[in-house]
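K.L.:
Dumping the structure here so I can ask a few things about it.
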Amino acid sequence: REWATYVAHLAAKGKSPLDVSTLDVQTYLLELRAKGKRQNTRARALAVIRAIYAALAQTGVLQGANPAREAKNPKGDSAAMKTPWIEEADLKRFVGAEPDPESFVERRDYLIALTLSFTGIRRAEVARIAIDDFEKLDGSGGVLRVRAKGAKFGSVEIVAPLAREMIAWAKEHGIITGALFRRSAKATHAVGTSTVRNAVKRQA
């Protein structure tokens, strides 16, 4: 029953269960949440979908990775998320809207929006990115050491296009140490989380 409901959901969107991404599975779970389905109900649906995809992969019916393997069950049953996951076409429009080349703030905020889009890290982590946090950063890409919740650290890959934008930004403004995203062209202090939020709103 869980699988049949999932397949019907995909069919309504003109998709086949053998040609979907993790985003499609995640969107389905979000829609279940929006419909008021409890967390244990959503967890059961995800478990069933994962298991069937795994079986299809083992028998050779499914080519490639299990699209449900990395999907996460949205937690909590209150204040359900009403904003759907951004689709690829909209993401391309989002990152493709380039800023005024003469405006420090617009160009900084554009780079902030790119960083969020290409890394998925939290806005607090974006706000406090420092040049010293990069384990590697060159034209081929980079690795950023992220300071996350609970004083924990982790590494995030920086794709080549984003790395090149970061390098150009730092070079243009003489940033060789300290915060990458600063409050103004003359400041050395990092932006706050509200600036990161507003950057996304402006870019959208």
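Residues are named by chain letter and number: chains run A, B, ... in the order of the structure tokens, numbers start at 1 in each chain, and ligands are numbered from 1 in the order shown.
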Skip A:Glu87 itself and residues of its chain fewer than 6 positions away, then list as a VMD selection string all residues within 10 Å of it, counting only C-alpha atoms.
P.N.:
chain A and resid 23 to 24 27
K.L.:
Given only C-alpha atoms, how would the per-residue table for stretch 160-194 of chain A near stretch 139-149 of chain A read, listing every residue at most 6 Å away with its closest atom pair and distance in Å to one decimal, sorted by chain and number, as CSV?
P.N.:
```
residue,atom,partner,partner_atom,distance
A:Ala160,CA,A:Gly141,CA,3.9
A:Ala163,CA,A:Gly141,CA,5.2
A:Arg164,CA,A:Gly139,CA,5.4
```
K.L.:
How close does stretch 84-155 of chain A get to stretch 172-185 of chain A? List, as CSV, each residue of stretch 84-155 of chain A within 6 Å, its nearest atom pair and the distance in Å to one decimal, counting only C-alpha atoms.
P.N.:
```
residue,atom,partner,partner_atom,distance
A:Ile129,CA,A:Leu180,CA,5.9
A:Ala130,CA,A:Ala179,CA,4.2
A:Ile131,CA,A:Thr177,CA,5.2
```
K.L.:
Suppose we keep N, CA, C and O atoms; can you now write the selection as an mmCIF file, in the first residue's frame?
P.N.:
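Okay, this is what ended up in selection-v6.cif:
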```
data_model
loop_
_atom_site.group_PDB
_atom_site.id
_atom_site.type_symbol
_atom_site.label_atom_id
_atom_site.label_comp_id
_atom_site.auth_asym_id
_atom_site.auth_seq_id
_atom_site.Cartn_x
_atom_site.Cartn_y
_atom_site.Cartn_z
ATOM 1 N N ILE A 129 32.444 32.002 7.977
ATOM 2 C CA ILE A 129 33.518 31.443 7.154
ATOM 3 C C ILE A 129 34.718 32.392 7.168
ATOM 4 O O ILE A 129 34.574 33.583 6.924
ATOM 5 N N ALA A 130 35.874 31.852 7.444
ATOM 6 C CA ALA A 130 37.113 32.636 7.441
ATOM 7 C C ALA A 130 38.097 32.006 6.465
ATOM 8 O O ALA A 130 38.059 30.786 6.219
ATOM 9 N N ILE A 131 38.973 32.823 5.927
ATOM 10 C CA ILE A 131 39.988 32.325 4.991
ATOM 11 C C ILE A 131 40.802 31.208 5.624
ATOM 12 O O ILE A 131 41.158 30.216 4.976
#
```
K.L.:
Using only C-alpha atoms, what does the table of stretch 108-187 of chain A residues within 12 Å of stretch 94-98 of chain A look like, with each row giving the shortest atom pair and its distance in Å to one decimal, sorted by chain and ascending number, as a tab-separated table?
P.N.:
```
residue	atom	partner	partner_atom	distance
A:Arg108	CA	A:Glu98	CA	11.1
A:Asp109	CA	A:Glu98	CA	10.4
A:Tyr110	CA	A:Glu98	CA	7.2
A:Leu111	CA	A:Val95	CA	9.3
A:Ile112	CA	A:Val95	CA	10.6
A:Ala113	CA	A:Val95	CA	7.5
A:Leu114	CA	A:Val95	CA	6.3
A:Thr115	CA	A:Val95	CA	10.0
A:Leu116	CA	A:Val95	CA	10.3
A:Ser117	CA	A:Val95	CA	7.9
A:Phe118	CA	A:Val95	CA	9.6
A:Pro161	CA	A:Val95	CA	11.5
A:Leu162	CA	A:Val95	CA	10.9
```
K.L.:
Between atom CA of A:Ile86 and atom CA of A:Gly120, what distance in Å does the model show, to one decimal?
P.N.:
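Taking atom CA of A:Ile86 as the start and atom CA of A:Gly120 as the end point, the length is 12.5 Å.
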K.L.:
Residues at most 8 Å from A:Ala54, counting only C-alpha atoms, excluding those fewer than 4 positions away in the same chain, as a ChimeraX atom specification?
P.N.:
/A:50,58,66
K.L.:
Please write the residues from the selection above to a file, keeping N, CA, C and O atoms, as a PDB file, in the first residue's frame.
P.N.:
```
ATOM      1  N   ARG A  50      12.541   2.608   0.688  1.00  0.00           N
ATOM      2  CA  ARG A  50      13.966   2.237   0.667  1.00  0.00           C
ATOM      3  C   ARG A  50      14.146   0.744   0.400  1.00  0.00           C
ATOM      4  O   ARG A  50      14.983   0.336  -0.394  1.00  0.00           O
ATOM      5  N   GLN A  58      19.027  -4.871  -6.319  1.00  0.00           N
ATOM      6  CA  GLN A  58      19.654  -6.186  -6.216  1.00  0.00           C
ATOM      7  C   GLN A  58      19.287  -7.092  -7.380  1.00  0.00           C
ATOM      8  O   GLN A  58      20.082  -7.912  -7.826  1.00  0.00           O
ATOM      9  N   ASN A  66      20.233   3.870  -4.993  1.00  0.00           N
ATOM     10  CA  ASN A  66      18.910   3.890  -4.383  1.00  0.00           C
ATOM     11  C   ASN A  66      18.546   5.339  -4.068  1.00  0.00           C
ATOM     12  O   ASN A  66      19.169   5.976  -3.221  1.00  0.00           O
TER      13      ASN A  66
END
```
K.L.:
Taking only stretch 33-91 of chain A into account, list the residues labelled helix (DSSP H, G or I) by DSSP (computed from the backbone), as a ChimeraX atom specification.
P.N.:
/A:33-34,39-58,88-91
K.L.:
Export, as a tab-separated table (two decimals), in the first residue's frame, the selected residues with N, CA, C and O atoms.
P.N.:
```tsv
chain	number	residue	atom	x	y	z
A	33	ARG	N	3.88	15.09	5.12
A	33	ARG	CA	3.86	15.91	6.34
A	33	ARG	C	2.85	17.04	6.21
A	33	ARG	O	2.09	17.32	7.15
A	34	ALA	N	2.81	17.68	5.05
A	34	ALA	CA	1.87	18.79	4.82
A	34	ALA	C	0.42	18.30	4.92
A	34	ALA	O	-0.47	19.07	5.27
A	39	GLN	N	4.69	11.36	12.16
A	39	GLN	CA	6.08	11.04	11.89
A	39	GLN	C	6.29	9.53	11.72
A	39	GLN	O	7.04	9.09	10.84
A	40	ASN	N	5.62	8.72	12.56
A	40	ASN	CA	5.81	7.27	12.43
A	40	ASN	C	5.23	6.74	11.12
A	40	ASN	O	5.73	5.78	10.54
A	41	THR	N	4.16	7.40	10.63
A	41	THR	CA	3.59	7.01	9.34
A	41	THR	C	4.56	7.33	8.21
A	41	THR	O	4.77	6.53	7.29
A	42	ARG	N	5.17	8.51	8.27
A	42	ARG	CA	6.15	8.91	7.25
A	42	ARG	C	7.39	8.02	7.31
A	42	ARG	O	7.96	7.66	6.27
A	43	ALA	N	7.80	7.67	8.53
A	43	ALA	CA	8.97	6.81	8.70
A	43	ALA	C	8.72	5.43	8.10
A	43	ALA	O	9.60	4.84	7.46
A	44	ARG	N	7.50	4.92	8.28
A	44	ARG	CA	7.15	3.62	7.71
A	44	ARG	C	7.16	3.69	6.18
A	44	ARG	O	7.69	2.80	5.51
A	45	ALA	N	6.61	4.78	5.64
A	45	ALA	CA	6.59	4.94	4.18
A	45	ALA	C	8.01	4.98	3.63
A	45	ALA	O	8.32	4.33	2.63
A	46	LEU	N	8.89	5.73	4.30
A	46	LEU	CA	10.28	5.82	3.84
A	46	LEU	C	10.97	4.47	3.92
A	46	LEU	O	11.72	4.09	3.01
A	47	ALA	N	10.74	3.73	4.99
A	47	ALA	CA	11.36	2.41	5.16
A	47	ALA	C	10.93	1.46	4.04
A	47	ALA	O	11.75	0.71	3.48
A	48	VAL	N	9.64	1.51	3.71
A	48	VAL	CA	9.12	0.66	2.64
A	48	VAL	C	9.74	1.04	1.30
A	48	VAL	O	10.19	0.18	0.53
A	49	ILE	N	9.78	2.33	1.01
A	49	ILE	CA	10.32	2.81	-0.27
A	49	ILE	C	11.79	2.43	-0.39
A	49	ILE	O	12.25	1.95	-1.44
A	50	ARG	N	12.54	2.61	0.69
A	50	ARG	CA	13.97	2.24	0.67
A	50	ARG	C	14.15	0.74	0.40
A	50	ARG	O	14.98	0.34	-0.39
A	51	ALA	N	13.34	-0.06	1.11
A	51	ALA	CA	13.47	-1.51	0.98
A	51	ALA	C	13.15	-2.00	-0.42
A	51	ALA	O	13.83	-2.87	-0.98
A	52	ILE	N	12.11	-1.44	-1.01
A	52	ILE	CA	11.72	-1.87	-2.36
A	52	ILE	C	12.77	-1.42	-3.39
A	52	ILE	O	13.13	-2.18	-4.29
A	53	TYR	N	13.27	-0.19	-3.24
A	53	TYR	CA	14.33	0.25	-4.14
A	53	TYR	C	15.57	-0.64	-4.00
A	53	TYR	O	16.24	-0.96	-4.99
A	54	ALA	N	15.89	-1.04	-2.77
A	54	ALA	CA	17.05	-1.91	-2.55
A	54	ALA	C	16.85	-3.25	-3.25
A	54	ALA	O	17.77	-3.79	-3.88
A	55	ALA	N	15.63	-3.79	-3.17
A	55	ALA	CA	15.32	-5.05	-3.83
A	55	ALA	C	15.40	-4.91	-5.35
A	55	ALA	O	15.92	-5.78	-6.05
A	56	LEU	N	14.90	-3.79	-5.87
A	56	LEU	CA	14.95	-3.55	-7.31
A	56	LEU	C	16.40	-3.41	-7.80
A	56	LEU	O	16.73	-3.84	-8.90
A	57	ALA	N	17.24	-2.83	-6.95
A	57	ALA	CA	18.65	-2.68	-7.31
A	57	ALA	C	19.35	-4.04	-7.32
A	57	ALA	O	20.15	-4.35	-8.21
A	58	GLN	N	19.03	-4.87	-6.32
A	58	GLN	CA	19.65	-6.19	-6.22
A	58	GLN	C	19.29	-7.09	-7.38
A	58	GLN	O	20.08	-7.91	-7.83
A	88	GLU	N	15.24	22.10	-9.60
A	88	GLU	CA	16.52	22.40	-10.26
A	88	GLU	C	16.42	23.63	-11.16
A	88	GLU	O	17.33	24.48	-11.17
A	89	ALA	N	15.32	23.75	-11.91
A	89	ALA	CA	15.17	24.90	-12.81
A	89	ALA	C	15.14	26.20	-12.04
A	89	ALA	O	15.74	27.21	-12.45
A	90	ASP	N	14.45	26.20	-10.88
A	90	ASP	CA	14.38	27.41	-10.07
A	90	ASP	C	15.73	27.71	-9.42
A	90	ASP	O	16.10	28.88	-9.26
A	91	LEU	N	16.47	26.66	-9.05
A	91	LEU	CA	17.80	26.88	-8.48
A	91	LEU	C	18.72	27.52	-9.51
A	91	LEU	O	19.52	28.42	-9.19
```
K.L.:
Do you have the atom CA of A:Ala168-atom CA of A:Leu137 distance handy?
P.N.:
11.3 Å
